[in-house]
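What follows is a set of notes on a single structure, which appears directly below.
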Amino acid sequence: MMSRVVLEPEEIHQIQGLLSELAGTYGRAEAAEFNASAGVYAHELPRRVRREIYEFKLNEPDSGHLIISGMPIDEERLGPTPNHWKHDHRTAGETEEEMLLVLMGSLLGECIGWSTQQDGRVVHDILPIQGKEHEQLGSGSEELLWWHVEDAFHPYRGDYLGMHCLRNPDRVPTTFLSIGELGLDFTEMPVLFEEHFTIRPDESHLVKNKGQDRVVEGDLAHSYGQIDQMNTKPQKIAVLFGDPRAPYVRIDPYFMDPVADHPEAQAALEQLIAAIDARIKDMPLNPGEVCFIDNFRGVHGRKPFKARYDGNDRWIKRVNIVRDLRKSRGVRESAASRIIK
Ligand SMILES: O=C(O)CCC(=O)C(=O)O
Ligand SMILES: [Fe+2]
């Protein structure tokens with residue numbers, strides 16, 4: 001079931017006023033000063049929007065996602081879709097859209113980034129990159145992006161994933177399924193709550209997908225070393241956890257190895273994967289739509305498509321949001337830093 005809030009004209013007007021003020025003050029969504037104040041400005045969003053987002057957080061509905069639609073997209077201000085996430089952000093026409101995503105996300109928790117992903121930015125670009133068509137990446141296009149929990153391999157992964165669709169001319173579908181709508185009785189699958197399973201880091205965190213001009217030394221070398229460790233010696237984890245009647249899920253089949261030492265665990269994993277695969281649905285995002293996915297309750301992916309590389313390509317902004325920044329304090333530079341090393 002789609003869960004959608006359609007913004008009213010006065011709400012759009014109020015949001016636009018706030019965004020133009022903030023873009024004028026801070027220039028870029030990536031500005032540390034903007035990120036440090038986003039949780040304050042978020043309370044200047046319309047009350048109904050704040051309530052919808054808060055109730056999504058509090059009640060953890062079985063839908064597992066929330067779409068907020070109605071924001072107009074100014075194609076001209078936006079400019080062409082860049083050819084890489086490493087485009088020159090100083091001239092970015094998408095600052096207001098990025099800021100809106102961070103503001104709404106701040107009502108769910110705190111936005112975070114990874115030193116090993118997209119140059120340590122908080123707001124990511126999802127766009128097709130020439131030469132990566134056949135990679136298992138958000139920037140791949142011609143391959144099915146297998147459904148997954150975002151950063152499933154990592155203990156500090158986001159509780160939520162936020163996406164703001166700027167452009168999607170071919171209505172390329174994001175795929176989505178909430179575990180709450182799977183219709184399985186998880187109390188009969190106790191083995192999935194036990195630590196038998198492994199998930200390796202996805203490609204986006206690998207050193208080969210960093211920006212080309214980025215030198216890997218010092219802290220960054222250490223971070224990539226840890227990713228490498230997680231790749232060669234992944235820890236055993238549970239695929240389901242929390243309340244067996246409404247469990248949380250941690251799964252990324254493409255990066256999971258068969259459970260060789262526990263046939264019952266492997267069989268249960270295969271049953272879960274097949275059930276999700278049979279039921280996952282297309283959920284194409286339209287320009288101006290902001291979508292939040294509960295990353296503990298839902299899996300998402302993307303269908304293959306043919307990229308254009310002419311400035312009109314599909315373009316989505318993405319953030320990861322944690323409810324509790326403190327859990328990762330040991331791997332962040334300061335209390336307020338949002339980047340996981
Ligand atoms: O492009 C999409 O709709 C989703 C992409 C995605 O899942 C990702 O980049 O992690
Ligand atoms: Fe994803």
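Chains: A, B, ... in order of the structure tokens. Residues: from 1 per chain. Ligands: from 1, in order shown.
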
Review point. Which residues form the shell of 12 Å around ligand 2 when you count only C-alpha atoms and all ligand atoms, given as a ChimeraX atom specification?
Key: /A:124-126,136-140,144-152,157-158,160-163,174-176,202-204,251-252,292-295,298-303,316-320

**Study point:** For A:Pro9: contacts at 10 Å, only C-alpha atoms, fewer than 4 positions along chain excluded, given as a PyMOL selection string
**Key:** chain A and resi 13-15+70-71

For the residues in the current selection, export C-alpha atoms as a CSV table (one decimal), in the first residue's frame.
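Written file, again02.csv:
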chain,number,residue,atom,x,y,z
A,13,HIS,CA,4.5,28.3,-0.2
A,14,GLN,CA,5.7,28.1,3.4
A,15,ILE,CA,8.3,25.5,2.5
A,70,GLY,CA,3.7,18.2,-4.5
A,71,MET,CA,6.9,20.2,-4.4

Practice item. From the DSSP assignment of the backbone, select every residue of stretch 222-272 of chain A that is alpha helix (DSSP H), and format the answer as a list in words. Key: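 Residues meeting the alpha helix (DSSP H) criterion: His222, Ser223, Tyr224, Gly225, Gln226, Ile227, Asp228, Gln229, Met230, Asn231, Thr232, Pro263, Glu264, Ala265, Gln266, Ala267, Ala268, Leu269, Glu270, Gln271 and Leu272 of chain A.
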
Using only C-alpha atoms, please write the residues we just selected to a file, as a JSON list (two decimals), in the first residue's frame.
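Okay, again30.json is ready:
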[["chain", "number", "residue", "atom", "x", "y", "z"],
["A", 222, "HIS", "CA", 42.25, 3.24, 7.81],
["A", 223, "SER", "CA", 38.55, 3.44, 6.83],
["A", 224, "TYR", "CA", 39.14, 1.55, 3.60],
["A", 225, "GLY", "CA", 41.20, -0.98, 5.58],
["A", 226, "GLN", "CA", 38.16, -1.60, 7.77],
["A", 227, "ILE", "CA", 35.90, -2.02, 4.76],
["A", 228, "ASP", "CA", 38.42, -4.53, 3.44],
["A", 229, "GLN", "CA", 38.27, -6.43, 6.75],
["A", 230, "MET", "CA", 34.47, -6.52, 6.57],
["A", 231, "ASN", "CA", 34.84, -7.90, 3.07],
["A", 232, "THR", "CA", 37.28, -10.69, 3.84],
["A", 263, "PRO", "CA", 21.58, -25.95, 6.38],
["A", 264, "GLU", "CA", 18.46, -24.95, 8.33],
["A", 265, "ALA", "CA", 19.61, -21.30, 8.44],
["A", 266, "GLN", "CA", 20.41, -21.37, 4.74],
["A", 267, "ALA", "CA", 16.98, -22.86, 3.92],
["A", 268, "ALA", "CA", 15.19, -20.19, 5.99],
["A", 269, "LEU", "CA", 17.22, -17.44, 4.32],
["A", 270, "GLU", "CA", 16.31, -18.79, 0.89],
["A", 271, "GLN", "CA", 12.65, -18.93, 1.89],
["A", 272, "LEU", "CA", 12.73, -15.29, 3.01]]

Practice item. Would you mind telling me which residue in A:Asp277, A:Leu22, A:Leu45, A:Pro82 lies nearest to A:Met104 when using only C-alpha atoms? Key: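 Among A:Asp277, A:Leu22, A:Leu45, A:Pro82, it is A:Leu45 that comes nearest to A:Met104.
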
**Study point:** DSSP strand (DSSP E) selection over stretch 35-140 of chain A, as a ChimeraX atom specification
**Key:** /A:65-69,110-114,124-126

Output C-alpha atoms for every residue in that selection, as a JSON list (two decimals), in the first residue's frame.
[["chain", "number", "residue", "atom", "x", "y", "z"],
["A", 65, "HIS", "CA", 7.66, 4.16, 3.70],
["A", 66, "LEU", "CA", 6.27, 7.68, 3.41],
["A", 67, "ILE", "CA", 6.06, 9.76, 0.24],
["A", 68, "ILE", "CA", 5.60, 13.52, 0.44],
["A", 69, "SER", "CA", 4.60, 14.86, -2.95],
["A", 110, "GLU", "CA", 20.28, 12.91, 12.12],
["A", 111, "CYS", "CA", 21.60, 12.72, 8.57],
["A", 112, "ILE", "CA", 24.92, 10.90, 8.27],
["A", 113, "GLY", "CA", 27.51, 10.24, 5.58],
["A", 114, "TRP", "CA", 30.39, 7.80, 5.11],
["A", 124, "HIS", "CA", 24.35, 11.79, -2.25],
["A", 125, "ASP", "CA", 23.57, 11.91, -5.95],
["A", 126, "ILE", "CA", 21.95, 8.90, -7.55]]

Point to revise | Distance query A:Ala38 at most 7 Å, only C-alpha atoms, self and fewer than 4 positions along chain excluded, as a VMD selection string | key: chain A and resid 34 42 102 to 103 106

Review point. Which of these residues is nearest to ligand 1, using only C-alpha atoms and all ligand atoms: A:His205, A:Arg245, A:Arg323, A:Arg297?
Key: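 Of the candidates, the smallest distance to ligand 1 is held by A:His205.
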
Check your understanding: Contacts of A:Asp170 at 9 Å or less, counting only C-alpha atoms, minus same-chain residues fewer than 6 places along, as a list in words?
Key -> Phe305, Asp313 and Arg314 of chain A

Just-selected residues, C-alpha atoms written as an mmCIF file, in the first residue's frame:
data_model
loop_
_atom_site.group_PDB
_atom_site.id
_atom_site.type_symbol
_atom_site.label_atom_id
_atom_site.label_comp_id
_atom_site.auth_asym_id
_atom_site.auth_seq_id
_atom_site.Cartn_x
_atom_site.Cartn_y
_atom_site.Cartn_z
ATOM 1 C CA PHE A 305 17.166 1.297 -17.605
ATOM 2 C CA ASP A 313 18.873 11.602 -16.981
ATOM 3 C CA ARG A 314 17.131 10.333 -13.906
#

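Atom CA of A:Pro284 sits 9.6 Å away from atom CA of A:Cys165.
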
Check your understanding: Of the candidates A:Leu108, A:Leu285, A:Ile339, A:Ile276, which shows the shortest atom-to-atom distance to ligand 1, using only C-alpha atoms and all ligand atoms?
Key ->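 Closest to ligand 1 of all the choices is A:Leu285.
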
**Study point:** Using only C-alpha atoms and all ligand atoms: which of A:Glu135, A:Asp119, A:Asp185, A:Glu60 has the shortest distance to ligand 1
**Key:**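 Counting only C-alpha atoms and all ligand atoms, the residue closest to ligand 1 is A:Glu135.
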
Practice item. Point out the residue among A:Ser3, A:Asn168, A:Asn35, A:Asn59 with the least atom-to-atom distance to ligand 1, counting only C-alpha atoms and all ligand atoms. Key: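 The shortest atom-to-atom distance to ligand 1 comes from A:Asn168.
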
Review point. Quick one: of A:Val290, A:Leu101, A:Leu19, A:Val322, who's nearest to ligand 1, counting only C-alpha atoms and all ligand atoms?
Key: A:Val290

Review point. A:Phe241: which residues within 6 Å, counting only C-alpha atoms, same-chain residues fewer than 3 positions away excluded, as a count of residues only?
Key: 3

**Study point:** Two-atom distance - atom CA of A:Arg279, atom CA of A:Leu184 (Å)
**Key:**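 Atom CA of A:Leu184 lies 11.6 Å from atom CA of A:Arg279.
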